[in-house]
$ cat input.txt   # compact mmCIF, N, CA and C atoms
# COMPACT_ATOMS: atom_id res chain seq x y z
N MET L 1 12.59 6.34 -37.09
CA MET L 1 11.28 6.71 -36.55
C MET L 1 11.31 8.22 -36.26
N ASN L 2 10.32 8.94 -36.84
CA ASN L 2 10.31 10.39 -36.61
C ASN L 2 9.74 10.70 -35.22
N ASP L 3 9.88 11.96 -34.82
CA ASP L 3 9.47 12.37 -33.48
C ASP L 3 8.00 12.10 -33.18
N THR L 4 7.14 12.37 -34.16
CA THR L 4 5.70 12.15 -33.96
C THR L 4 5.40 10.68 -33.74
N LYS L 5 5.98 9.81 -34.55
CA LYS L 5 5.78 8.36 -34.40
C LYS L 5 6.33 7.87 -33.07
N LEU L 6 7.50 8.39 -32.70
CA LEU L 6 8.10 8.00 -31.42
C LEU L 6 7.22 8.41 -30.26
N GLU L 7 6.72 9.64 -30.28
CA GLU L 7 5.84 10.12 -29.21
C GLU L 7 4.55 9.31 -29.15
N GLU L 8 4.00 8.97 -30.31
CA GLU L 8 2.78 8.16 -30.37
C GLU L 8 3.03 6.78 -29.78
N HIS L 9 4.17 6.19 -30.15
CA HIS L 9 4.53 4.88 -29.60
C HIS L 9 4.73 4.95 -28.08
N GLN L 10 5.40 6.00 -27.61
CA GLN L 10 5.62 6.16 -26.17
C GLN L 10 4.29 6.33 -25.42
N LEU L 11 3.36 7.08 -26.00
CA LEU L 11 2.05 7.25 -25.38
C LEU L 11 1.32 5.92 -25.31
N ARG L 12 1.31 5.19 -26.42
CA ARG L 12 0.62 3.89 -26.45
C ARG L 12 1.24 2.93 -25.45
N LEU L 13 2.56 2.90 -25.36
CA LEU L 13 3.25 2.02 -24.41
C LEU L 13 2.93 2.44 -22.97
N SER L 14 2.94 3.73 -22.70
CA SER L 14 2.63 4.22 -21.35
C SER L 14 1.21 3.85 -20.95
N LEU L 15 0.26 4.01 -21.86
CA LEU L 15 -1.13 3.66 -21.55
C LEU L 15 -1.28 2.16 -21.34
N PHE L 16 -0.56 1.37 -22.15
CA PHE L 16 -0.59 -0.08 -21.96
C PHE L 16 -0.07 -0.47 -20.58
N LEU L 17 1.05 0.14 -20.18
CA LEU L 17 1.62 -0.16 -18.86
C LEU L 17 0.67 0.25 -17.73
N LEU L 18 0.02 1.40 -17.87
CA LEU L 18 -0.98 1.81 -16.88
C LEU L 18 -2.12 0.79 -16.83
N ARG L 19 -2.58 0.37 -18.00
CA ARG L 19 -3.69 -0.58 -18.08
C ARG L 19 -3.33 -1.90 -17.40
N VAL L 20 -2.13 -2.39 -17.64
CA VAL L 20 -1.69 -3.64 -17.01
C VAL L 20 -1.60 -3.47 -15.49
N GLY L 21 -1.05 -2.34 -15.05
CA GLY L 21 -0.95 -2.09 -13.61
C GLY L 21 -2.30 -2.03 -12.93
N VAL L 22 -3.25 -1.33 -13.54
CA VAL L 22 -4.60 -1.24 -12.98
C VAL L 22 -5.26 -2.61 -13.00
N PHE L 23 -5.06 -3.35 -14.08
CA PHE L 23 -5.61 -4.70 -14.17
C PHE L 23 -5.12 -5.58 -13.02
N ILE L 24 -3.83 -5.52 -12.73
CA ILE L 24 -3.27 -6.37 -11.67
C ILE L 24 -3.97 -6.12 -10.34
N VAL L 25 -4.20 -4.87 -10.02
CA VAL L 25 -4.87 -4.54 -8.76
C VAL L 25 -6.30 -5.07 -8.77
N PHE L 26 -7.06 -4.78 -9.84
CA PHE L 26 -8.45 -5.24 -9.89
C PHE L 26 -8.56 -6.75 -10.00
N PHE L 27 -7.61 -7.38 -10.67
CA PHE L 27 -7.59 -8.84 -10.75
C PHE L 27 -7.44 -9.44 -9.35
N MET L 28 -6.50 -8.90 -8.58
CA MET L 28 -6.29 -9.42 -7.22
C MET L 28 -7.50 -9.15 -6.32
N TRP L 29 -8.10 -7.97 -6.43
CA TRP L 29 -9.29 -7.67 -5.62
C TRP L 29 -10.45 -8.60 -6.00
N SER L 30 -10.60 -8.86 -7.30
CA SER L 30 -11.67 -9.76 -7.75
C SER L 30 -11.39 -11.18 -7.31
N LEU L 31 -10.17 -11.61 -7.47
CA LEU L 31 -9.77 -12.95 -7.07
C LEU L 31 -9.97 -13.16 -5.57
N ASN L 32 -9.69 -12.14 -4.79
CA ASN L 32 -9.88 -12.23 -3.35
C ASN L 32 -11.34 -12.52 -3.00
N LYS L 33 -12.26 -11.93 -3.75
CA LYS L 33 -13.68 -12.18 -3.51
C LYS L 33 -14.06 -13.63 -3.82
N LEU L 34 -13.33 -14.25 -4.75
CA LEU L 34 -13.61 -15.63 -5.12
C LEU L 34 -12.90 -16.63 -4.21
N ILE L 35 -11.70 -16.28 -3.78
CA ILE L 35 -10.92 -17.19 -2.93
C ILE L 35 -11.26 -17.01 -1.46
N ASN L 36 -11.50 -15.76 -1.06
CA ASN L 36 -11.74 -15.44 0.34
C ASN L 36 -12.99 -14.54 0.46
N PRO L 37 -14.17 -15.09 0.14
CA PRO L 37 -15.38 -14.26 0.12
C PRO L 37 -15.73 -13.67 1.49
N GLU L 38 -15.30 -14.33 2.56
CA GLU L 38 -15.57 -13.79 3.89
C GLU L 38 -14.88 -12.44 4.09
N SER L 39 -13.72 -12.28 3.48
CA SER L 39 -13.00 -11.00 3.53
C SER L 39 -13.81 -9.92 2.82
N ALA L 40 -14.39 -10.25 1.68
CA ALA L 40 -15.22 -9.29 0.95
C ALA L 40 -16.44 -8.89 1.77
N VAL L 41 -17.04 -9.85 2.44
CA VAL L 41 -18.20 -9.56 3.29
C VAL L 41 -17.79 -8.58 4.39
N ALA L 42 -16.64 -8.80 5.00
CA ALA L 42 -16.15 -7.90 6.05
C ALA L 42 -15.83 -6.51 5.51
N VAL L 43 -15.22 -6.44 4.33
CA VAL L 43 -14.88 -5.15 3.72
C VAL L 43 -16.16 -4.38 3.40
N PHE L 44 -17.15 -5.03 2.81
CA PHE L 44 -18.40 -4.36 2.48
C PHE L 44 -19.09 -3.85 3.73
N SER L 45 -19.02 -4.63 4.79
CA SER L 45 -19.65 -4.22 6.04
C SER L 45 -18.93 -3.04 6.67
N HIS L 46 -17.61 -3.09 6.69
CA HIS L 46 -16.82 -2.07 7.37
C HIS L 46 -16.69 -0.77 6.57
N PHE L 47 -16.38 -0.89 5.28
CA PHE L 47 -16.08 0.30 4.47
C PHE L 47 -17.28 0.83 3.70
N TYR L 48 -18.14 -0.08 3.23
CA TYR L 48 -19.24 0.34 2.37
C TYR L 48 -20.58 0.37 3.10
N PHE L 49 -20.54 0.11 4.40
CA PHE L 49 -21.73 0.19 5.25
C PHE L 49 -22.86 -0.70 4.75
N PHE L 50 -22.49 -1.84 4.18
CA PHE L 50 -23.46 -2.80 3.66
C PHE L 50 -23.21 -4.13 4.36
N SER L 51 -23.99 -4.40 5.38
CA SER L 51 -23.75 -5.61 6.19
C SER L 51 -24.52 -6.82 5.68
N GLY L 52 -25.32 -6.67 4.65
CA GLY L 52 -26.12 -7.79 4.17
C GLY L 52 -25.50 -8.59 3.06
N LEU L 53 -24.21 -8.43 2.79
CA LEU L 53 -23.57 -9.15 1.70
C LEU L 53 -23.38 -10.61 2.09
N SER L 54 -23.92 -11.50 1.28
CA SER L 54 -23.74 -12.93 1.52
C SER L 54 -22.48 -13.40 0.80
N VAL L 55 -22.03 -14.57 1.17
CA VAL L 55 -20.87 -15.16 0.52
C VAL L 55 -21.17 -15.39 -0.96
N GLU L 56 -22.40 -15.81 -1.26
CA GLU L 56 -22.79 -16.05 -2.65
C GLU L 56 -22.74 -14.75 -3.47
N LEU L 57 -23.19 -13.65 -2.87
CA LEU L 57 -23.15 -12.36 -3.56
C LEU L 57 -21.71 -11.89 -3.73
N ALA L 58 -20.86 -12.18 -2.76
CA ALA L 58 -19.43 -11.85 -2.88
C ALA L 58 -18.83 -12.59 -4.08
N TYR L 59 -19.19 -13.87 -4.24
CA TYR L 59 -18.73 -14.63 -5.41
C TYR L 59 -19.21 -13.97 -6.70
N ALA L 60 -20.46 -13.58 -6.74
CA ALA L 60 -21.03 -12.97 -7.95
C ALA L 60 -20.33 -11.65 -8.26
N ILE L 61 -20.12 -10.82 -7.25
CA ILE L 61 -19.43 -9.55 -7.45
C ILE L 61 -18.01 -9.79 -7.93
N GLY L 62 -17.33 -10.76 -7.32
CA GLY L 62 -15.96 -11.09 -7.74
C GLY L 62 -15.91 -11.54 -9.19
N PHE L 63 -16.87 -12.36 -9.59
CA PHE L 63 -16.90 -12.84 -10.98
C PHE L 63 -17.16 -11.69 -11.95
N ILE L 64 -18.12 -10.83 -11.63
CA ILE L 64 -18.43 -9.68 -12.49
C ILE L 64 -17.23 -8.74 -12.57
N GLN L 65 -16.59 -8.47 -11.43
CA GLN L 65 -15.41 -7.61 -11.44
C GLN L 65 -14.28 -8.24 -12.25
N LEU L 66 -14.16 -9.54 -12.20
CA LEU L 66 -13.14 -10.23 -12.98
C LEU L 66 -13.40 -10.04 -14.48
N LEU L 67 -14.65 -10.14 -14.89
CA LEU L 67 -15.00 -9.91 -16.30
C LEU L 67 -14.67 -8.47 -16.72
N ILE L 68 -14.99 -7.52 -15.85
CA ILE L 68 -14.70 -6.12 -16.15
C ILE L 68 -13.19 -5.90 -16.22
N ALA L 69 -12.45 -6.49 -15.29
CA ALA L 69 -10.99 -6.34 -15.27
C ALA L 69 -10.37 -6.90 -16.55
N PHE L 70 -10.84 -8.06 -17.01
CA PHE L 70 -10.29 -8.62 -18.25
C PHE L 70 -10.73 -7.79 -19.46
N SER L 71 -11.92 -7.20 -19.40
CA SER L 71 -12.33 -6.29 -20.47
C SER L 71 -11.40 -5.09 -20.54
N LEU L 72 -11.01 -4.57 -19.38
CA LEU L 72 -10.04 -3.49 -19.33
C LEU L 72 -8.71 -3.95 -19.92
N LEU L 73 -8.22 -5.09 -19.47
CA LEU L 73 -6.92 -5.58 -19.91
C LEU L 73 -6.84 -5.71 -21.43
N PHE L 74 -7.91 -6.20 -22.04
CA PHE L 74 -7.90 -6.43 -23.48
C PHE L 74 -8.51 -5.28 -24.28
N GLY L 75 -8.90 -4.20 -23.59
CA GLY L 75 -9.42 -3.03 -24.29
C GLY L 75 -10.76 -3.25 -24.94
N ILE L 76 -11.61 -4.05 -24.32
CA ILE L 76 -12.93 -4.36 -24.86
C ILE L 76 -13.95 -3.35 -24.33
N LYS L 77 -14.73 -2.76 -25.25
CA LYS L 77 -15.76 -1.78 -24.86
C LYS L 77 -15.18 -0.77 -23.88
N LYS L 78 -14.20 -0.04 -24.33
CA LYS L 78 -13.40 0.82 -23.46
C LYS L 78 -14.23 1.83 -22.67
N GLN L 79 -15.18 2.47 -23.30
CA GLN L 79 -15.95 3.48 -22.57
C GLN L 79 -16.66 2.83 -21.38
N ILE L 80 -17.19 1.64 -21.57
CA ILE L 80 -17.90 0.94 -20.50
C ILE L 80 -16.93 0.34 -19.49
N SER L 81 -15.96 -0.46 -19.96
CA SER L 81 -15.08 -1.16 -19.02
C SER L 81 -14.18 -0.19 -18.26
N TYR L 82 -13.57 0.77 -18.94
CA TYR L 82 -12.73 1.74 -18.26
C TYR L 82 -13.58 2.60 -17.33
N GLY L 83 -14.78 2.95 -17.79
CA GLY L 83 -15.69 3.76 -16.96
C GLY L 83 -16.12 3.02 -15.70
N LEU L 84 -16.42 1.73 -15.82
CA LEU L 84 -16.80 0.96 -14.64
C LEU L 84 -15.65 0.83 -13.65
N ILE L 85 -14.46 0.60 -14.16
CA ILE L 85 -13.28 0.53 -13.29
C ILE L 85 -13.09 1.86 -12.57
N LEU L 86 -13.23 2.96 -13.31
CA LEU L 86 -13.10 4.29 -12.71
C LEU L 86 -14.17 4.51 -11.65
N PHE L 87 -15.39 4.16 -11.94
CA PHE L 87 -16.50 4.32 -11.00
C PHE L 87 -16.28 3.49 -9.74
N MET L 88 -15.89 2.22 -9.91
CA MET L 88 -15.67 1.35 -8.75
C MET L 88 -14.54 1.88 -7.87
N HIS L 89 -13.45 2.30 -8.51
CA HIS L 89 -12.32 2.76 -7.71
C HIS L 89 -12.60 4.11 -7.07
N LEU L 90 -13.32 4.97 -7.77
CA LEU L 90 -13.71 6.26 -7.18
C LEU L 90 -14.57 6.03 -5.94
N GLY L 91 -15.53 5.14 -6.05
CA GLY L 91 -16.39 4.82 -4.90
C GLY L 91 -15.58 4.27 -3.74
N SER L 92 -14.71 3.34 -4.03
CA SER L 92 -13.88 2.74 -2.99
C SER L 92 -12.99 3.78 -2.33
N THR L 93 -12.42 4.67 -3.14
CA THR L 93 -11.52 5.70 -2.61
C THR L 93 -12.28 6.68 -1.73
N LEU L 94 -13.42 7.13 -2.19
CA LEU L 94 -14.19 8.12 -1.43
C LEU L 94 -14.80 7.52 -0.16
N LEU L 95 -15.23 6.28 -0.23
CA LEU L 95 -15.83 5.65 0.96
C LEU L 95 -14.81 5.32 2.04
N SER L 96 -13.55 5.41 1.70
CA SER L 96 -12.49 5.17 2.70
C SER L 96 -12.06 6.46 3.37
N TYR L 97 -12.85 7.52 3.23
CA TYR L 97 -12.45 8.85 3.71
C TYR L 97 -12.02 8.90 5.17
N PRO L 98 -12.60 8.12 6.10
CA PRO L 98 -12.11 8.24 7.48
C PRO L 98 -10.62 7.90 7.64
N LYS L 99 -10.13 7.03 6.77
CA LYS L 99 -8.72 6.63 6.84
C LYS L 99 -7.79 7.80 6.53
N TYR L 100 -8.25 8.76 5.71
CA TYR L 100 -7.41 9.88 5.31
C TYR L 100 -7.24 10.91 6.42
N PHE L 101 -8.15 10.89 7.39
CA PHE L 101 -8.08 11.86 8.48
C PHE L 101 -7.17 11.39 9.62
N ASP L 102 -6.76 10.13 9.55
CA ASP L 102 -5.88 9.57 10.58
C ASP L 102 -4.78 8.76 9.89
N PRO L 103 -3.93 9.42 9.09
CA PRO L 103 -2.98 8.68 8.27
C PRO L 103 -1.90 7.94 9.06
N TRP L 104 -1.63 8.34 10.28
CA TRP L 104 -0.51 7.75 11.01
C TRP L 104 -0.89 6.52 11.82
N SER L 105 -2.17 6.16 11.82
CA SER L 105 -2.58 4.90 12.45
C SER L 105 -2.46 3.80 11.39
N SER L 106 -1.87 2.71 11.79
CA SER L 106 -1.64 1.60 10.86
C SER L 106 -2.96 0.91 10.54
N PRO L 107 -3.24 0.54 9.34
CA PRO L 107 -2.49 0.68 8.09
C PRO L 107 -3.02 1.84 7.24
N ASN L 108 -3.53 2.89 7.84
CA ASN L 108 -4.21 3.96 7.11
C ASN L 108 -3.36 4.63 6.04
N LEU L 109 -2.07 4.71 6.24
CA LEU L 109 -1.21 5.36 5.26
C LEU L 109 -1.29 4.64 3.90
N LEU L 110 -1.52 3.34 3.93
CA LEU L 110 -1.64 2.57 2.69
C LEU L 110 -2.83 3.02 1.85
N PHE L 111 -3.85 3.57 2.48
CA PHE L 111 -5.04 4.00 1.75
C PHE L 111 -4.75 5.17 0.80
N PHE L 112 -3.68 5.89 1.05
CA PHE L 112 -3.33 7.01 0.18
C PHE L 112 -2.87 6.53 -1.20
N ALA L 113 -2.51 5.27 -1.33
CA ALA L 113 -2.15 4.71 -2.64
C ALA L 113 -3.35 4.70 -3.58
N ALA L 114 -4.53 4.83 -3.04
CA ALA L 114 -5.74 4.85 -3.87
C ALA L 114 -5.77 6.07 -4.77
N TRP L 115 -5.20 7.20 -4.32
CA TRP L 115 -5.28 8.44 -5.10
C TRP L 115 -4.46 8.41 -6.38
N PRO L 116 -3.19 7.98 -6.37
CA PRO L 116 -2.48 7.89 -7.65
C PRO L 116 -3.10 6.84 -8.57
N MET L 117 -3.63 5.78 -7.98
CA MET L 117 -4.32 4.76 -8.78
C MET L 117 -5.56 5.37 -9.44
N LEU L 118 -6.29 6.18 -8.70
CA LEU L 118 -7.46 6.86 -9.26
C LEU L 118 -7.04 7.78 -10.40
N ALA L 119 -5.94 8.49 -10.22
CA ALA L 119 -5.43 9.36 -11.28
C ALA L 119 -5.05 8.55 -12.52
N ALA L 120 -4.43 7.40 -12.32
CA ALA L 120 -4.04 6.55 -13.45
C ALA L 120 -5.28 6.05 -14.20
N ILE L 121 -6.30 5.65 -13.46
CA ILE L 121 -7.53 5.17 -14.11
C ILE L 121 -8.22 6.30 -14.85
N ALA L 122 -8.24 7.49 -14.25
CA ALA L 122 -8.84 8.65 -14.92
C ALA L 122 -8.08 8.96 -16.21
N ALA L 123 -6.76 8.89 -16.17
CA ALA L 123 -5.95 9.13 -17.38
C ALA L 123 -6.27 8.09 -18.45
N LEU L 124 -6.39 6.82 -18.04
CA LEU L 124 -6.75 5.77 -18.99
C LEU L 124 -8.12 6.05 -19.62
N TYR L 125 -9.06 6.47 -18.80
CA TYR L 125 -10.40 6.74 -19.32
C TYR L 125 -10.36 7.92 -20.30
N ILE L 126 -9.69 8.98 -19.92
CA ILE L 126 -9.62 10.18 -20.77
C ILE L 126 -8.92 9.86 -22.10
N LEU L 127 -7.89 9.04 -22.04
CA LEU L 127 -7.08 8.74 -23.24
C LEU L 127 -7.42 7.38 -23.85
N ARG L 128 -8.58 6.85 -23.54
CA ARG L 128 -8.94 5.49 -23.96
C ARG L 128 -8.87 5.28 -25.47
N GLU L 129 -9.15 6.30 -26.25
CA GLU L 129 -9.09 6.15 -27.71
C GLU L 129 -7.65 6.02 -28.21
N LYS L 130 -6.70 6.52 -27.45
CA LYS L 130 -5.28 6.42 -27.80
C LYS L 130 -4.67 5.12 -27.29
N ASP L 131 -5.37 4.44 -26.40
CA ASP L 131 -4.87 3.22 -25.77
C ASP L 131 -5.19 2.03 -26.68
N THR L 132 -4.27 1.74 -27.59
CA THR L 132 -4.53 0.70 -28.60
C THR L 132 -3.53 -0.45 -28.58
N MET L 133 -2.47 -0.35 -27.79
CA MET L 133 -1.45 -1.39 -27.80
C MET L 133 -1.99 -2.66 -27.13
N PHE L 134 -1.93 -3.75 -27.88
CA PHE L 134 -2.36 -5.07 -27.40
C PHE L 134 -3.82 -5.09 -26.95
N THR L 135 -4.67 -4.39 -27.67
CA THR L 135 -6.10 -4.45 -27.38
C THR L 135 -6.78 -5.29 -28.45
N ILE L 136 -7.91 -5.88 -28.09
CA ILE L 136 -8.65 -6.70 -29.04
C ILE L 136 -9.39 -5.81 -30.03
N THR L 137 -10.03 -4.79 -29.52
CA THR L 137 -10.75 -3.87 -30.39
C THR L 137 -9.96 -2.59 -30.49
N LYS L 138 -9.44 -2.32 -31.66
CA LYS L 138 -8.65 -1.11 -31.89
C LYS L 138 -9.58 0.06 -32.09
N SER L 139 -9.29 1.14 -31.35
CA SER L 139 -10.03 2.38 -31.54
C SER L 139 -9.35 3.18 -32.62
N LYS L 140 -10.12 4.00 -33.27
CA LYS L 140 -9.53 4.92 -34.24
C LYS L 140 -9.04 6.14 -33.49
N ALA L 141 -7.73 6.20 -33.30
CA ALA L 141 -7.13 7.34 -32.58
C ALA L 141 -7.25 8.58 -33.44
N LYS L 142 -7.74 9.63 -32.83
CA LYS L 142 -7.90 10.89 -33.54
C LYS L 142 -6.60 11.67 -33.47
N PRO L 143 -6.25 12.35 -34.57
CA PRO L 143 -4.99 13.10 -34.58
C PRO L 143 -4.99 14.24 -33.61

$ encode --input "input.txt" --output "structure tokens"
Amino acid sequence: MNDTKLEEHQLRLSLFLLRVGVFIVFFMWSLNKLINPESAVAVFSHFYFFSGLSVELAYAIGFIQLLIAFSLLFGIKKQISYGLILFMHLGSTLLSYPKYFDPWSSPNLLFFAAWPMLAAIAALYILREKDTMFTITKSKAKP
């Protein structure tokens, strides 16, 4: 395997691993809305300043997020699915801003994990055309 092929393979593998890691987080967040919708209602009220979320709407949001997460995992409609994941996580990260001003109060330090995750999702979005390993729809990677 020549250097160019090796580097291409390493990039594709790295993007695949990022995609799987991001999927795991969004899968668990989506699943939580379906298994424990009351938690989603509390999160929306506390972090997103939306106190009118019903349990039924939490189920609907969880189901939609699950579809988006699986679209990401399988590389379906990358511009849309990766973009939606980026948008959702960006919103979640920015709306948690009070936690960043008091990092030493528990569990606020954990909120800083959102930033490297946001960077990983942004990298996936930027390099989405190169992310072809184990995807259903192969993109034509540009040289």

$ atom_distance --input "input.txt" --atom1 "CA of Asp131 (chain L)" --atom2 "CA of Lys33 (chain L)"
28.5 Å

$ atom_distance --input "input.txt" --atom1 "CA of Ile64 (chain L)" --atom2 "CA of Lys130 (chain L)"
25.8 Å

$ residues_near_point --input "input.txt" --point "(-18.7, -18.9, -2.3)" --cutoff "8 Å" --atoms "all atoms listed in the file" --output "VMD selection string"
chain L and resid 33 to 38 54 to 60

$ write_last_selection --input "input.txt" --atoms "N, CA and C atoms" --output "PDB file, in the coordinates of the input"
ATOM      1  N   LYS L  33     -12.260 -11.930  -3.750  1.00  0.00           N
ATOM      2  CA  LYS L  33     -13.680 -12.180  -3.510  1.00  0.00           C
ATOM      3  C   LYS L  33     -14.060 -13.630  -3.820  1.00  0.00           C
ATOM      4  N   LEU L  34     -13.330 -14.250  -4.750  1.00  0.00           N
ATOM      5  CA  LEU L  34     -13.610 -15.630  -5.120  1.00  0.00           C
ATOM      6  C   LEU L  34     -12.900 -16.630  -4.210  1.00  0.00           C
ATOM      7  N   ILE L  35     -11.700 -16.280  -3.780  1.00  0.00           N
ATOM      8  CA  ILE L  35     -10.920 -17.190  -2.930  1.00  0.00           C
ATOM      9  C   ILE L  35     -11.260 -17.010  -1.460  1.00  0.00           C
ATOM     10  N   ASN L  36     -11.500 -15.760  -1.060  1.00  0.00           N
ATOM     11  CA  ASN L  36     -11.740 -15.440   0.340  1.00  0.00           C
ATOM     12  C   ASN L  36     -12.990 -14.540   0.460  1.00  0.00           C
ATOM     13  N   PRO L  37     -14.170 -15.090   0.140  1.00  0.00           N
ATOM     14  CA  PRO L  37     -15.380 -14.260   0.120  1.00  0.00           C
ATOM     15  C   PRO L  37     -15.730 -13.670   1.490  1.00  0.00           C
ATOM     16  N   GLU L  38     -15.300 -14.330   2.560  1.00  0.00           N
ATOM     17  CA  GLU L  38     -15.570 -13.790   3.890  1.00  0.00           C
ATOM     18  C   GLU L  38     -14.880 -12.440   4.090  1.00  0.00           C
ATOM     19  N   SER L  54     -23.920 -11.500   1.280  1.00  0.00           N
ATOM     20  CA  SER L  54     -23.740 -12.930   1.520  1.00  0.00           C
ATOM     21  C   SER L  54     -22.480 -13.400   0.800  1.00  0.00           C
ATOM     22  N   VAL L  55     -22.030 -14.570   1.170  1.00  0.00           N
ATOM     23  CA  VAL L  55     -20.870 -15.160   0.520  1.00  0.00           C
ATOM     24  C   VAL L  55     -21.170 -15.390  -0.960  1.00  0.00           C
ATOM     25  N   GLU L  56     -22.400 -15.810  -1.260  1.00  0.00           N
ATOM     26  CA  GLU L  56     -22.790 -16.050  -2.650  1.00  0.00           C
ATOM     27  C   GLU L  56     -22.740 -14.750  -3.470  1.00  0.00           C
ATOM     28  N   LEU L  57     -23.190 -13.650  -2.870  1.00  0.00           N
ATOM     29  CA  LEU L  57     -23.150 -12.360  -3.560  1.00  0.00           C
ATOM     30  C   LEU L  57     -21.710 -11.890  -3.730  1.00  0.00           C
ATOM     31  N   ALA L  58     -20.860 -12.180  -2.760  1.00  0.00           N
ATOM     32  CA  ALA L  58     -19.430 -11.850  -2.880  1.00  0.00           C
ATOM     33  C   ALA L  58     -18.830 -12.590  -4.080  1.00  0.00           C
ATOM     34  N   TYR L  59     -19.190 -13.870  -4.240  1.00  0.00           N
ATOM     35  CA  TYR L  59     -18.730 -14.630  -5.410  1.00  0.00           C
ATOM     36  C   TYR L  59     -19.210 -13.970  -6.700  1.00  0.00           C
ATOM     37  N   ALA L  60     -20.460 -13.580  -6.740  1.00  0.00           N
ATOM     38  CA  ALA L  60     -21.030 -12.970  -7.950  1.00  0.00           C
ATOM     39  C   ALA L  60     -20.330 -11.650  -8.260  1.00  0.00           C
TER      40      ALA L  60
END

$ atom_distance --input "input.txt" --atom1 "CA of Phe26 (chain L)" --atom2 "CA of Gln65 (chain L)"
7.5 Å

$ closest_residue --input "input.txt" --among "L:Trp29, L:Trp115, L:Phe50, L:Phe134" --to "Gly62 (chain L)" --atoms "only N, CA and C atoms"
L:Trp29

$ select_by_dssp --input "input.txt" --residues "chain L" --states "alpha helix (DSSP H)" --output "ChimeraX atom specification"
/L:3-35,37-47,55-74,78-95,97-100,114-126

$ residues_around --input "input.txt" --residues "Met133 (chain L)" --least-positions-apart "3" --cutoff "7 Å" --atoms "all atoms listed in the file" --output "PyMOL selection string"
chain L and resi 12-13+16+130+136

$ residues_around --input "input.txt" --residues "Phe111 (chain L)" --least-positions-apart "3" --cutoff "7 Å" --atoms "all atoms listed in the file" --output "ChimeraX atom specification"
/L:99-100,107-108,114-115

$ closest_residue --input "input.txt" --among "L:Asn32, L:Ala42, L:Phe47, L:Glu7" --to "Ser92 (chain L)" --atoms "all atoms listed in the file"
L:Phe47

$ closest_residue --input "input.txt" --among "L:Ile80, L:Leu95, L:Val25, L:Leu66" --to "Ser45 (chain L)" --atoms "only C-alpha atoms"
L:Leu95

$ closest_residue --input "input.txt" --among "L:Ile85, L:Thr137, L:Ser71, L:Phe112" --to "Val22 (chain L)" --atoms "only C-alpha atoms"
L:Ile85
